[in-house]
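**Student:** First the structure, which I've put down as structure tokens, then a few questions once you've had a look.
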Amino acid sequence: MLQIRVTANTLNKRNKIPTQLPDPGSISGTVTKGFTFEGIEVTDVRSDLGKWYRDRDGQYYWGGGVEVIGVLPDPVTPSSNDVTIQKAGRMITTPELVQRFGKPDEDGSDYLVKIELPYPMRLAWDTKSSVKSITCHKLVAEDLKKVFADILKDYGLPKIQELGIDLYGGCFNFRKMRGGDDYSRHSWGAAIDLDPERNQLKETSATARFARPEYRKMIAAFYRHNFVSLGWEKNYDWMHFEVRAK
């Protein structure tokens, strides 16, 4: 992964690499001189327009308007971890969730409880605001409290904040899965998202922040207490942790 800085006064950000210019249909925004981002050089697409770089969000930048200013540590895959984490092998199914937790509903009043957190968490969508408690399913509440207690013990608050482990992306949210008809595990309050901006749905270990070795102890804490990481199991949506299948 590269650290890249924009050198052009203004540079178009694109949702695809154009075959020729001008190509206004591929422009998704602009960035200005001094803007930095993490990305990789695109090597699997040929272009007569020179080098192109792709950022973590899948946006493309022309190489003539940027410079590489650093190389970040190589991302690791689950097979090269420093902390032993045994994969669950499968994710919990909706029938299993219904059997264990009942059917979800819009307000969740029959099954949701509030738990106090051992450290404050910043709202990922408003980092100037923080919370000291979150709402989750009553049957995962004790395990979730143990997860956060272990994370605090393993990292300490300053490191938690430095790594962005305290960026809370949500727990209970009654909705269907993105791109599907099945209920999201968030509908039960049996899943939690952390640092969603840097661990997006389609990101793999090539770019997701939680795939880095310094987050291994955090992932291990979830596994110790009956949760699994979708990133660890499936190598996408690294923000997402959900209750484990029995």
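Each chain of the structure tokens is named A, B, ... in the order shown, its residues numbered from 1; ligands are numbered from 1 in display order.
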Identify, on the basis of only C-alpha atoms, every residue whose closest approach to Leu112 (chain A) does not exceed 10 Å; exclude the query and any residue fewer than 2 positions from it along the same chain; express the result as a list in words.
**Tutor:**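 Contacts, with the query itself left out: Asp107, Gly108, Ser109, Asp110, Lys114, Ile115, Thr135, Cys136, His137, Lys138, Leu139, Val140, Ala141, Phe172, Trp188, Gly189 and Ala190 of chain A.
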**Student:** Got a sec: who's within 10 Å of Ile192 (chain A), counting only C-alpha atoms, leaving out chain neighbours fewer than 3 positions off, as a PyMOL selection string?
**Tutor:** chain A and resi 134+136+144+168-173+185-186+189+227+229+239-243
**Student:** Which residue, A:Asn235, A:Asn15, A:Pro196, A:Leu21, has the smallest gap to Ala211 (chain A) when you use only C-alpha atoms?
**Tutor:**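 Residue with the minimum atom-to-atom distance to Ala211 (chain A): A:Asn235.
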**Student:** When DSSP works through the backbone of this structure, what residues of region 144-243 of chain A end up as strand (DSSP E or B), shown as a PyMOL selection string?
**Tutor:** chain A and resi 167-170+176+183+191-194+227-229+240-243
**Student:** Include N, CA and C atoms and write out the residues we just selected as a compact mmCIF listing (two decimals), in the first residue's frame.
**Tutor:**
# COMPACT_ATOMS: atom_id res chain seq x y z
N LEU A 167 -13.85 3.72 16.92
CA LEU A 167 -14.77 4.32 15.96
C LEU A 167 -15.99 3.41 15.79
N TYR A 168 -17.08 3.82 16.39
CA TYR A 168 -18.30 3.00 16.45
C TYR A 168 -19.17 3.24 15.22
N GLY A 169 -19.47 2.15 14.49
CA GLY A 169 -20.25 2.26 13.28
C GLY A 169 -21.69 1.79 13.41
N GLY A 170 -22.06 1.26 14.59
CA GLY A 170 -23.43 0.85 14.81
C GLY A 170 -23.57 -0.59 15.23
N LYS A 176 -32.66 -4.87 5.93
CA LYS A 176 -32.24 -6.01 5.14
C LYS A 176 -30.74 -5.90 4.86
N TYR A 183 -32.60 -10.58 6.42
CA TYR A 183 -32.38 -9.59 7.46
C TYR A 183 -30.91 -9.50 7.83
N ALA A 191 -24.74 -7.86 15.92
CA ALA A 191 -23.56 -7.55 15.12
C ALA A 191 -23.16 -6.12 15.42
N ILE A 192 -21.88 -5.83 15.21
CA ILE A 192 -21.37 -4.47 15.45
C ILE A 192 -20.36 -4.13 14.37
N ASP A 193 -20.36 -2.87 13.95
CA ASP A 193 -19.40 -2.37 12.97
C ASP A 193 -18.45 -1.39 13.65
N LEU A 194 -17.17 -1.51 13.32
CA LEU A 194 -16.15 -0.60 13.84
C LEU A 194 -15.36 -0.01 12.68
N PHE A 227 -17.99 -14.20 19.02
CA PHE A 227 -18.24 -13.40 17.83
C PHE A 227 -17.25 -13.82 16.75
N VAL A 228 -17.56 -13.48 15.51
CA VAL A 228 -16.64 -13.73 14.40
C VAL A 228 -16.50 -12.45 13.59
N SER A 229 -15.39 -12.37 12.88
CA SER A 229 -15.12 -11.26 11.97
C SER A 229 -15.45 -11.69 10.55
N HIS A 240 -17.12 -5.54 10.15
CA HIS A 240 -18.29 -6.23 10.68
C HIS A 240 -17.92 -7.42 11.56
N PHE A 241 -18.50 -7.45 12.77
CA PHE A 241 -18.35 -8.56 13.70
C PHE A 241 -19.77 -9.00 14.10
N GLU A 242 -20.01 -10.30 14.10
CA GLU A 242 -21.35 -10.78 14.42
C GLU A 242 -21.29 -12.01 15.28
N VAL A 243 -22.43 -12.34 15.91
CA VAL A 243 -22.50 -13.49 16.80
C VAL A 243 -22.13 -14.77 16.05
**Student:** Which of these, A:Pro158, A:Pro104, A:Gly164, A:Gly63, has the shortest distance to Ala124 (chain A) once you count only C-alpha atoms?
**Tutor:**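 With only C-alpha atoms as the atom set, the closest residue is A:Gly164.
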**Student:** With only C-alpha atoms as the basis for distance, which of A:Phe174, A:Tyr236, A:Phe148, A:Tyr61 is at the shortest distance from Ala220 (chain A)?
**Tutor:**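 Checking each of A:Phe174, A:Tyr236, A:Phe148, A:Tyr61 against Ala220 (chain A), counting only C-alpha atoms, the winner is A:Phe148.
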**Student:** Identify which of the residues A:Thr7, A:Thr207, A:Thr94, A:Thr43 lies closest to Ser187 (chain A), counting only C-alpha atoms when measuring atom-to-atom distances.
**Tutor:**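 Closest to Ser187 (chain A) of all the choices is A:Thr94.
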**Student:** Please measure the separation of CA of Lys13 (chain A) and CA of Glu38 (chain A), giving the value in Å to one decimal.
**Tutor:**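 Computing it gives 13.7 Å between the two atoms.
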**Student:** Restricting the calculation to only C-alpha atoms: of A:Leu97, A:Arg122, A:Ser184, A:Ile85, which residue gets closest to Phe222 (chain A)?
**Tutor:**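 With only C-alpha atoms as the atom set, the closest residue is A:Ile85.
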**Student:** Can you work out which one of A:Leu2, A:Leu163, A:Ala221, A:Val31 has the shortest atom-to-atom distance to Val147 (chain A), counting only C-alpha atoms?
**Tutor:**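 Result for the nearest residue to Val147 (chain A): A:Ala221.
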**Student:** For Lys217 (chain A), work out the shell of residues within 8 Å, counting only C-alpha atoms and skipping chain neighbours fewer than 6 positions away, then give it as a ChimeraX atom specification.
**Tutor:** /A:83,151,154
**Student:** Would you mind exporting the chosen residues as a PDB file, in the first residue's frame, restricted to all heavy atoms?
**Tutor:**
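Output saved as selection-v1.pdb:
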ATOM      1  N   VAL A  83      -1.221 -13.661  16.160  1.00  0.00           N
ATOM      2  CA  VAL A  83      -2.082 -14.189  17.212  1.00  0.00           C
ATOM      3  C   VAL A  83      -2.929 -15.304  16.611  1.00  0.00           C
ATOM      4  O   VAL A  83      -3.475 -15.169  15.527  1.00  0.00           O
ATOM      5  CB  VAL A  83      -2.992 -13.073  17.773  1.00  0.00           C
ATOM      6  CG1 VAL A  83      -3.938 -13.644  18.820  1.00  0.00           C
ATOM      7  CG2 VAL A  83      -2.153 -11.946  18.344  1.00  0.00           C
ATOM      8  N   ILE A 151     -10.270  -5.790  24.932  1.00  0.00           N
ATOM      9  CA  ILE A 151      -9.601  -4.841  24.039  1.00  0.00           C
ATOM     10  C   ILE A 151      -8.914  -3.746  24.850  1.00  0.00           C
ATOM     11  O   ILE A 151      -7.763  -3.369  24.574  1.00  0.00           O
ATOM     12  CB  ILE A 151     -10.615  -4.243  23.043  1.00  0.00           C
ATOM     13  CG1 ILE A 151     -11.047  -5.306  22.028  1.00  0.00           C
ATOM     14  CG2 ILE A 151     -10.020  -3.038  22.311  1.00  0.00           C
ATOM     15  CD1 ILE A 151     -12.162  -4.875  21.109  1.00  0.00           C
ATOM     16  N   ASP A 154      -5.837  -5.252  26.463  1.00  0.00           N
ATOM     17  CA  ASP A 154      -4.763  -5.588  25.523  1.00  0.00           C
ATOM     18  C   ASP A 154      -4.084  -4.359  24.926  1.00  0.00           C
ATOM     19  O   ASP A 154      -2.892  -4.399  24.609  1.00  0.00           O
ATOM     20  CB  ASP A 154      -5.317  -6.450  24.384  1.00  0.00           C
ATOM     21  CG  ASP A 154      -5.668  -7.855  24.820  1.00  0.00           C
ATOM     22  OD1 ASP A 154      -5.143  -8.301  25.857  1.00  0.00           O
ATOM     23  OD2 ASP A 154      -6.471  -8.512  24.124  1.00  0.00           O
TER      24      ASP A 154
END
**Student:** Need the shell around Lys246 (chain A): protein/DNA/RNA residues with any atom at most 9 Å away, counting only C-alpha atoms. Skip same-chain ones fewer than 3 positions apart. Format as a list in words?
**Tutor:**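 Listing them by chain and then by number gives Ile92, Glu96 and Asn226 of chain A.
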**Student:** Mind checking DSSP for region 92-168 of chain A and telling me the alpha helix (DSSP H) residues as an MDAnalysis selection string?
**Tutor:** chainID A and resid 94:101 141:155 157:163
**Student:** How about saving the chosen residues, N, CA, C and O atoms kept, as a compact mmCIF listing (two decimals), in the first residue's frame?
**Tutor:**
# COMPACT_ATOMS: atom_id res chain seq x y z
N THR A 94 -29.82 -17.34 9.02
CA THR A 94 -31.02 -16.68 9.53
C THR A 94 -31.92 -17.63 10.32
O THR A 94 -32.42 -17.25 11.40
N PRO A 95 -32.17 -18.87 9.85
CA PRO A 95 -32.97 -19.78 10.69
C PRO A 95 -32.35 -20.02 12.06
O PRO A 95 -33.08 -20.12 13.06
N GLU A 96 -31.03 -20.09 12.13
CA GLU A 96 -30.38 -20.25 13.43
C GLU A 96 -30.60 -19.03 14.31
O GLU A 96 -30.84 -19.14 15.52
N LEU A 97 -30.50 -17.85 13.71
CA LEU A 97 -30.73 -16.62 14.47
C LEU A 97 -32.16 -16.57 15.01
O LEU A 97 -32.38 -16.21 16.17
N VAL A 98 -33.11 -16.92 14.17
CA VAL A 98 -34.51 -16.90 14.59
C VAL A 98 -34.75 -17.90 15.72
O VAL A 98 -35.46 -17.62 16.69
N GLN A 99 -34.12 -19.07 15.60
CA GLN A 99 -34.28 -20.09 16.63
C GLN A 99 -33.70 -19.62 17.97
O GLN A 99 -34.30 -19.86 19.03
N ARG A 100 -32.56 -18.96 17.93
CA ARG A 100 -31.89 -18.53 19.16
C ARG A 100 -32.45 -17.23 19.73
O ARG A 100 -32.59 -17.07 20.95
N PHE A 101 -32.78 -16.30 18.83
CA PHE A 101 -33.11 -14.95 19.26
C PHE A 101 -34.53 -14.51 18.94
O PHE A 101 -34.95 -13.43 19.36
N ALA A 141 -25.16 -9.48 25.20
CA ALA A 141 -24.68 -8.33 25.96
C ALA A 141 -23.45 -8.65 26.81
O ALA A 141 -22.45 -7.91 26.79
N GLU A 142 -23.48 -9.75 27.55
CA GLU A 142 -22.36 -10.08 28.43
C GLU A 142 -21.10 -10.39 27.62
O GLU A 142 -20.00 -9.96 27.99
N ASP A 143 -21.26 -11.11 26.52
CA ASP A 143 -20.10 -11.41 25.68
C ASP A 143 -19.51 -10.14 25.09
O ASP A 143 -18.29 -9.97 25.01
N LEU A 144 -20.36 -9.23 24.66
CA LEU A 144 -19.88 -8.00 24.05
C LEU A 144 -19.14 -7.14 25.07
O LEU A 144 -18.10 -6.52 24.75
N LYS A 145 -19.62 -7.12 26.30
CA LYS A 145 -18.91 -6.38 27.34
C LYS A 145 -17.53 -6.98 27.59
O LYS A 145 -16.55 -6.25 27.81
N LYS A 146 -17.44 -8.30 27.52
CA LYS A 146 -16.14 -8.96 27.71
C LYS A 146 -15.19 -8.64 26.56
O LYS A 146 -13.98 -8.49 26.77
N VAL A 147 -15.73 -8.54 25.35
CA VAL A 147 -14.90 -8.19 24.19
C VAL A 147 -14.23 -6.84 24.43
O VAL A 147 -13.00 -6.70 24.30
N PHE A 148 -15.02 -5.84 24.79
CA PHE A 148 -14.46 -4.50 24.96
C PHE A 148 -13.54 -4.41 26.16
O PHE A 148 -12.55 -3.66 26.14
N ALA A 149 -13.84 -5.18 27.21
CA ALA A 149 -12.94 -5.21 28.36
C ALA A 149 -11.59 -5.79 27.97
O ALA A 149 -10.53 -5.28 28.39
N ASP A 150 -11.59 -6.84 27.17
CA ASP A 150 -10.33 -7.44 26.71
C ASP A 150 -9.55 -6.49 25.81
O ASP A 150 -8.32 -6.41 25.88
N ILE A 151 -10.27 -5.79 24.93
CA ILE A 151 -9.60 -4.84 24.04
C ILE A 151 -8.91 -3.75 24.85
O ILE A 151 -7.76 -3.37 24.57
N LEU A 152 -9.60 -3.23 25.86
CA LEU A 152 -9.00 -2.21 26.71
C LEU A 152 -7.78 -2.75 27.44
O LEU A 152 -6.75 -2.07 27.54
N LYS A 153 -7.88 -3.98 27.93
CA LYS A 153 -6.74 -4.60 28.63
C LYS A 153 -5.56 -4.82 27.69
O LYS A 153 -4.41 -4.60 28.06
N ASP A 154 -5.84 -5.25 26.46
CA ASP A 154 -4.76 -5.59 25.52
C ASP A 154 -4.08 -4.36 24.93
O ASP A 154 -2.89 -4.40 24.61
N TYR A 155 -4.84 -3.28 24.75
CA TYR A 155 -4.29 -2.12 24.04
C TYR A 155 -4.08 -0.90 24.93
O TYR A 155 -3.13 -0.13 24.71
N LEU A 157 -6.25 2.65 26.43
CA LEU A 157 -7.06 3.65 25.74
C LEU A 157 -6.29 4.45 24.69
O LEU A 157 -6.80 4.65 23.58
N PRO A 158 -5.07 4.95 24.98
CA PRO A 158 -4.38 5.74 23.95
C PRO A 158 -4.17 4.97 22.64
O PRO A 158 -4.36 5.53 21.55
N LYS A 159 -3.81 3.69 22.74
CA LYS A 159 -3.59 2.90 21.53
C LYS A 159 -4.90 2.61 20.82
O LYS A 159 -4.96 2.60 19.57
N ILE A 160 -5.95 2.36 21.57
CA ILE A 160 -7.28 2.15 20.99
C ILE A 160 -7.66 3.35 20.13
O ILE A 160 -8.13 3.20 18.99
N GLN A 161 -7.46 4.53 20.67
CA GLN A 161 -7.81 5.75 19.94
C GLN A 161 -6.88 5.99 18.76
O GLN A 161 -7.33 6.43 17.69
N GLU A 162 -5.61 5.70 18.94
CA GLU A 162 -4.66 5.87 17.84
C GLU A 162 -5.00 4.96 16.66
O GLU A 162 -4.94 5.38 15.49
N LEU A 163 -5.42 3.74 16.93
CA LEU A 163 -5.72 2.77 15.88
C LEU A 163 -7.14 2.91 15.33
O LEU A 163 -7.47 2.29 14.32
**Student:** Excluding Glu67 (chain A) and its own-chain neighbours fewer than 3 positions away, which residues fall within 12 Å of it when counting only C-alpha atoms? Please give them as JSON, numbers by chain.
**Tutor:** {"A": [2, 3, 4, 5, 6, 7, 8, 33, 34, 35, 36, 37, 38, 39, 40, 41, 51, 52, 53, 61, 62, 63, 64, 70, 71]}
**Student:** So how far away is CA of Lys103 (chain A) from CA of Asp182 (chain A), in Å?
**Tutor:**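 So the answer is 12.1 Å.
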**Student:** If you measure from CA of Pro18 (chain A) to CA of Thr32 (chain A), what distance in Å do you get, rounded to one decimal?
**Tutor:**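 Pair CA of Pro18 (chain A) / CA of Thr32 (chain A) returns 19.9 Å.
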